[in-house]
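Peer 1: Submitted below is the structure of interest, expressed as structure tokens.
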Amino acid sequence: MKGEIYRVAGPVVTITGIKPKMYDVVHVGHEGLMGEVIRIKGDKATVQVYEDTSGIKPGEPVVNTGMSLSVELGPGLLESIYDGIQRPLKVLQEKMGDFIERGVTANGLDREKNWEFKPVLSAGDSVKGGEIIGVVQETENIEHKIMVPPTVSGTVEEIKSGKFKVDETICTLTNGAEISMMQKWPVRKPRPVNKKFIPNRPLITGQRILDGLFPVAKGGTAAIPGPFGSGKTVTQQQLAKWSDTDIVVYIGCGERGNEMADVLNEFPELQDPKTGRPLMERTVLIANTSNMPVAAREASVYTGITIAEYYRDMGYDVSLMADSSSRWAEAMREISSRLEEMPGEEGYPAYLSARLSEFYERAGVVRSLGGEEGSITVIGAVSPPGGDFSEPVTQNTLRIVKVFWALDAKLAQRRHFPSINWLTSYSLYTQGLSDWFTENVAPDWVPLRDNAMDLLQQESELQEIVQLVGSDALPEDQQLILEICRMIREYFLQQNAFHPVDTYCPFDKQYKLLKAISKYSDMAQAALENGVPMKDILSLGSKDELAKIKFEEDFDGALNTVLTKMDKEFAALGGN
Amino acid sequence: MTKEYKTITEIAGPLIFLEKTEPVGYGELVHINLPDGTTKRGQVLDTSADIVAVQVFEGTGGLNEESGVVFTGETIKLPVSKDMLGRILSGSGEPLDGGPRIVPEDRVDVNGASMNPYSRKPPEDFIQTGISTIDGTNTLVRGQKLPIFSGSGLPHNEIALQIARQAKVPGSTEDFAVVFAAMGITNEEAQYFMQDFEKTGALERAVVFLNLADDPAVERIITPRLALTAAEYLAYEHDMHVLVILTDITNYCEALRQMGAAREEVPGRRGYPGYMYTDLASLYERAGVIKGRKGSVTQFSILTMPGDDITHPIPDLSGYITEGQIVVSRELHRKGIYPPINVLPSLSRLMNSGIGDGKTRDDHKAVSDQMYAGYAEGRDLRGLVAIVGKEALSERDQRILEFADLFENRFVRQGRDEDRNIEDTLNVAWDILSELPEALLTRVDNKYIEKYHPAHKSN
Ligand SMILES: Nc1ncnc2c1ncn2[C@@H]1O[C@H](COP(=O)(O)OP(=O)(O)O)[C@@H](O)[C@H]1O
Ligand SMILES: [Mg+2]
């Protein structure tokens with residue numbers, strides 16, 4: 001049955017003459033532009049179109065695919081860069097050059113490439129939905145598990161071994177079901193799991209303020225809100241680079257093209273600290289930049305999270321970054337206003353909060369249908385207008401996520417990076433992860449960290465007094481607190497993402513660095529009590545040298561030199 | 001094809017609505033023939049089997065239901081040619097300089113398709129503007145979009161012109177061009193730009209589009225698109241490095257708001273359309289470098305912040321899209337400092353890719369970070385001194401306080417024609433940093449201190 005276009009208004013097209021289901025994918029116009037049904041009313045249906053609609057006329061034909069917007073899942077996802085509806089940007093470039101024209105379709109997975117499939121089952125075995133039937137070495141370190149689609153089960157009649165293309169049948173069941181290495185899944189529907197667990201392992205990011213003060217758990221959720229230029233993208237990219245996960249899904253949602261080009265440029269060159277392999281080999285990129293169609297931007301986060309779920313189901317730890325979730329929310333708003341829906345707060349649709357929580361709910365630590373344990377950590381950047389956190393997207397996000405990394409324009413302006421405010425940020429995982437830290441980092445890590453947090457709190461109170469009377473008016477022990485806090489801020493919290501050494505800081509180094517500051521603090525306090533003048537304590541060479549050891553290739557060596565010097569200098573002061 | 005319809009049923013602000021047409025394409029270019037014989041142009045905003053809405057670029061003044069409407073069957077295109085260089089065109093692309101019409105080598109859709117992110121080459125070629133606060137602390141690179149955020153009455157035009165005059169990629173002799181688009185600025189301001197272009201001979205290498213304050217506001221919506229289309233053509237078809245100056249983005253956004261109101265849309269923040277982010281992105285993202293092509297498009301646009309408020313939707317949404325911003329400060333201007341650029345809220349996001357060994361100098365990043373830290377702290381201390389007096393400051397703090405003054409007077413301040421090369425800029429930086437105790441230079445590796453610090457260098 002063929003329908004036709006009734007009306008075109010930007011990305012929203014009204015069609016008539018066919019009776020689609022909600023969320024059916026349709027092709028509109030002579031060029032067959034792809035779109036998705038988002039409203040049905042009487043004999044008309046409204047479609048959000050993923051491509052530019054200029055020149056499209058009423059009366060042009062419409063074809064319904066009868067399928068929901070789906071992604072192709074199988075070997076070849078890693079190292080790819082897709083647009084919001086999983087068209088590989090590389091293929092689009094080959095087909096139409098450097099600028100994206102419309103009406104071009106491209107498969108998410110390469111149909112020509114052969115993959116070596118190794119079965120792990122044999123004829124006669126029974127399989128349930130989600131179970132692993134074999135493996136493919138997708139990249140050097142990632143073994144891609146081929147799973148039975150969640151809705152299929154039965155007894156294996158035949159299973160092959162050898163080189164196959166993704167759409168070739170590799171396994172047949174006695175009930176006639178044919179299984180290939182590729183499956184499709186509708187993006188708006190979470191992939192089913194067996195069970196969800198409470199996250200209890202940290203995501204180690206190599207970023208001191210994150211790991212140290214506000215850790216996120218594997219399978220947890222975090223938000224990074226901040227005004228422009230405060231460090232959302234750099235933080236997200238740092239997480240994508242250095243987090244100890246198996247798979248990274250990075251969604252550039254309505255942001256800059258050059259930032260994606262940057263990732264594409266850098267990731268093949270950088271090494272995964274865990275495996276030593278190029279980072280690109282564990283990464284899937286989704287790039288629907290701000291100048292690409294807004295409806296596809298709305299879809300991009302779903303495309304990303306579905307791919308993440310697929311790897312989670314194989315038993316991998318996946319982390320997903322969405323930069324920026326606000327652009328996704330704005331895309332919803334734009335479409336909603338074209339539909340002339342009743343606007344909620346600040347013009348956002350009333351279902352904003354529901355959509356956000358459904359999305360973050362797809363994070364978690366799970367046992368998959370196939371019995372594997374995997375996780376998805378979701379980290380969303382939020383771009384509040386005017387940097388005002390009271391706006392709807394920030395507020396609705398904070399009601400859901402467990403970790404809040406509050407970016408602060410004032411810190412960014414003085415080039416204190418990462419400009420995460422240590423007083424307003426929080427992590428609700430800190431408590432739950434304490435045992436892990438005590439066991440795996442150091443027995444005294446937790447008290448060391450708590451003490452640093454406590455000092456920073458005191459600093460902010462002391463600063464208020466300083467603003468009134470100047471720092472010289474404070475008693476010496478309080479002046480010392482200010483100095484220790486300055487050291488914590490500058491030596492420990494500040495971390496330069498662009499410095500070859502400082503960009504990634506293993507936990508062991510984080511611990512030693514904080515421990516060294518604490519050692520100085522203890523010795524300084526003792527010296528002060530023994531009557532050593534403050535001025536002498538503050539002018540120790542070892543203290544200034546401590547500032548720079550985080551940049552040293554040979555950190556342990558540099559640290560030992562400084563600590564030895566510190567002992568000597570304090571001894572010379574005669575305090576201890 | 002060229003059928004004329006006389007079926008206008010409603011005229012509202014810049015919009016007309018008409019009935020009973022053949023199917024009309026979304027975004028199509030429309031000609032409207034007025035009873036007095038003149039013709040206006042418009043674009044289809046909404047098209048259905050029953051009714052078509054058209055926005056009229058030159059405004060609907062003089063239109064009535066007798067006016068004839070012709071749908072051209074194509075979207076808005078700009079005739080482009082290398083001969084556009086040296087020409088002055090109106091905000092809708094018609095010659096204003098008395099010269100002949102452009103003989104097109106091609107006709108290009110002004111909306112421009114989006115550049116495939118996969119085709120982009122990360123920008124990394126350092127552009128020396130000769131202005132220390134830009135080169136030293138907020139470096140511009142080829143293919144970047146870096147606007148000036150200013151306020152009314154501040155010398156942003158002087159700064160933009162100084163940059164247009166001085167900008168160069170050291171050591172490069174490649175072809176360059178300037179595309180200048182005025183959107184709603186006054187005749188006087190436009191003259192100021194034109195005279196400078198003429199005086200310096202820049203006009204020969206420039207394409208100018210003028211939509212002035214008394215030209216129709218709706219036209220402003222296409223003016224920057226024409227300019228960017230011309231720029232892309234020169235960059236990607238003729239291998240030129242194009243610097244695009246759009247001024248004033250604020251006037252453009254006002255026109256967008258006006259259109260939105262006329263269409264009775266649900267307004268977003270402060271009355272601006274909810275899609276303003278996407279719309280601005282469709283302009284700003286048209287900057288960059290493409291793998292395998294020689295040319296580039298760099299945008300250096302001017303935006304006056306209403307009420308000097310950087311959180312106002314226009315600078316705010318811009319800042320979320322552009323690759324940084326150069327912020328002009330009223331406070332520094334009042335102090336008589338030129339160029340009154342406040343580096344603290346300024347940012348160049350692409351600075352890191354354009355500086356360092358082999359590009360500018362190995363110590364560049366460290367020096368810049370150190371100056372930021374010192375200046376930020378110094379300015380805080382100014383606030384404190386106002387309350388507790390200078391005597392209450394520690395020795396360390398007093399030095400930092402002095403550093404802030406040095407920074408403004410020696411690093412920020414420079415002449416209107418003073419073209420500092422990057423070495424000069426970094427040397428000024430070291431001169432003032434050396435006034436601080438060395439122990440305070442925590443952002444600078446020791447090896448750079450030994451190499452560049454005046455106290456060490458001479459030994
Ligand atoms: N951890 C960091 N280390 C060094 N520089 C940083 C860091 N985070 C942010 N920056 C600087 O701040 C700029 C803006 O950061 P970005 O992440 O792009 O901001 P946002 O995405 O919030 O607009 C970057 O271009 C970089 O210069
Ligand atoms: Mg960003």
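In the structure tokens, each chain is lettered A, B, ... as it comes, each chain's residues begin at 1, and ligands are numbered from 1 in order of appearance.
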Write out, as CSV, each residue of chain A that has an atom at most 8 Å from ligand 2, together with the closest pair of atoms and their distance in Å to one decimal, counting only C-alpha atoms and all ligand atoms, rows going by chain and rising number.
Peer 2:
residue,atom,partner,partner_atom_place_in_ligand_line,distance
A:Phe228,CA,ligand 2,1 (Mg),6.7
A:Gly229,CA,ligand 2,1 (Mg),6.8
A:Gly231,CA,ligand 2,1 (Mg),6.7
A:Lys232,CA,ligand 2,1 (Mg),5.2
A:Thr233,CA,ligand 2,1 (Mg),4.0
A:Val234,CA,ligand 2,1 (Mg),7.2
A:Glu255,CA,ligand 2,1 (Mg),6.8
A:Arg256,CA,ligand 2,1 (Mg),7.7
A:Asp323,CA,ligand 2,1 (Mg),6.9
A:Ser324,CA,ligand 2,1 (Mg),7.4
Peer 1: When the cut-off is 9 Å and you count only C-alpha atoms and all ligand atoms, which residues lie near ligand 1, shown as a PyMOL selection string?
Peer 2: (chain A and resi 207+224-238+255+259+323-324+381-383+407+409+412-413+415-419+494-499+503) or (chain B and resi 319-321+323-324+347-352)
Peer 1: Give the answer as one residue: which of A:Tyr504, A:Trp405, A:Tyr250, A:Tyr348 has the shortest atom-to-atom distance to chain B, using only C-alpha atoms?
Peer 2: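 Under the stated criterion, the closest residue is A:Tyr348.
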Peer 1: So how many Å separate atom CA of A:Asp522 and atom CA of B:Glu438, to one decimal?
Peer 2: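 Computing the Euclidean distance for atom CA of A:Asp522 and atom CA of B:Glu438 yields 25.7 Å.
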Peer 1: Would you mind listing what lies within 12 Å of B:Thr250 as a ChimeraX atom specification, with only C-alpha atoms counted and same-chain residues fewer than 6 positions away left out?
Peer 2: /B:147-152,182-185,217,220-221,256-257,272,276,280,301-307,312-318
Peer 1: Which residue out of B:Glu74, B:Asp106, B:Asp357, B:Glu450 has the minimum interatomic distance to chain A when only C-alpha atoms are used?
Peer 2: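 For chain A, the nearest of the given residues is B:Glu74.
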Peer 1: Stretch 81-309 of chain B: which residues are helix (DSSP H, G or I) by DSSP, as an MDAnalysis selection string?
Peer 2: chainID B and resid 82:84 117:119 132:135 156:166 187:199 202:205 218:221 223:238 249:262 269:271 276:284 306:308
Peer 1: For the atom pair atom CA of A:Ile198 and atom CA of A:Val365, what is the interatomic distance in Å to one decimal place?
Peer 2: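 Between atom CA of A:Ile198 and atom CA of A:Val365 the gap is 6.8 Å.
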Peer 1: Return the single residue from A:Val91, A:Ala516, A:Ile420, A:Val284 that is closest to A:Arg208, with distances computed using only C-alpha atoms.
Peer 2: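 Under the stated criterion, the closest residue is A:Ile420.
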Peer 1: Quick one: of A:Leu456, A:Ile537, A:Ile81, A:Val249, who's nearest to chain B, counting only C-alpha atoms?
Peer 2: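 Residue with the minimum atom-to-atom distance to chain B: A:Ile81.
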Peer 1: In terms of the shortest atom-to-atom distance over only C-alpha atoms, which of B:Tyr277, B:Tyr448, B:Phe176, B:Phe300 is closest to chain A?
Peer 2: B:Tyr277
Peer 1: Check the smallest atom-to-atom distance from each of B:Ile16, B:Leu154, B:Ile310, B:Ala53 to B:Glu331 using only C-alpha atoms, then report the winner.
Peer 2: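 Of all the options, B:Leu154 lies closest to B:Glu331.
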Peer 1: Find the residues around stretch 298-313 of chain A up to 6 Å (only C-alpha atoms counted), leave out those fewer than 2 positions away in its own chain, and share them as a ChimeraX atom specification.
Peer 2: /A:84,187,295-296,315-316,328,331,368,374-375
Peer 1: Emit the selected residues as a compact mmCIF listing (two decimals), in the first residue's frame, including C-alpha atoms.
Peer 2:
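And here is the file that came out, result31.txt:
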# COMPACT_ATOMS: atom_id res chain seq x y z
CA GLY A 84 22.55 9.06 14.49
CA VAL A 187 16.60 1.11 19.34
CA ALA A 295 15.60 14.13 14.12
CA ALA A 296 18.64 11.91 13.65
CA GLY A 315 29.63 -9.96 29.26
CA TYR A 316 31.65 -6.81 28.71
CA TRP A 328 19.11 15.45 22.58
CA ALA A 331 15.89 17.89 19.55
CA SER A 368 22.35 -11.23 30.50
CA GLY A 374 28.28 -7.19 31.98
CA SER A 375 27.69 -3.55 32.69
Peer 1: To one decimal place in Å, what is the distance between atom CA of B:Val289 and atom CA of B:Lys121?
Peer 2: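 Atom CA of B:Lys121 lies at a distance of 5.4 Å from atom CA of B:Val289.
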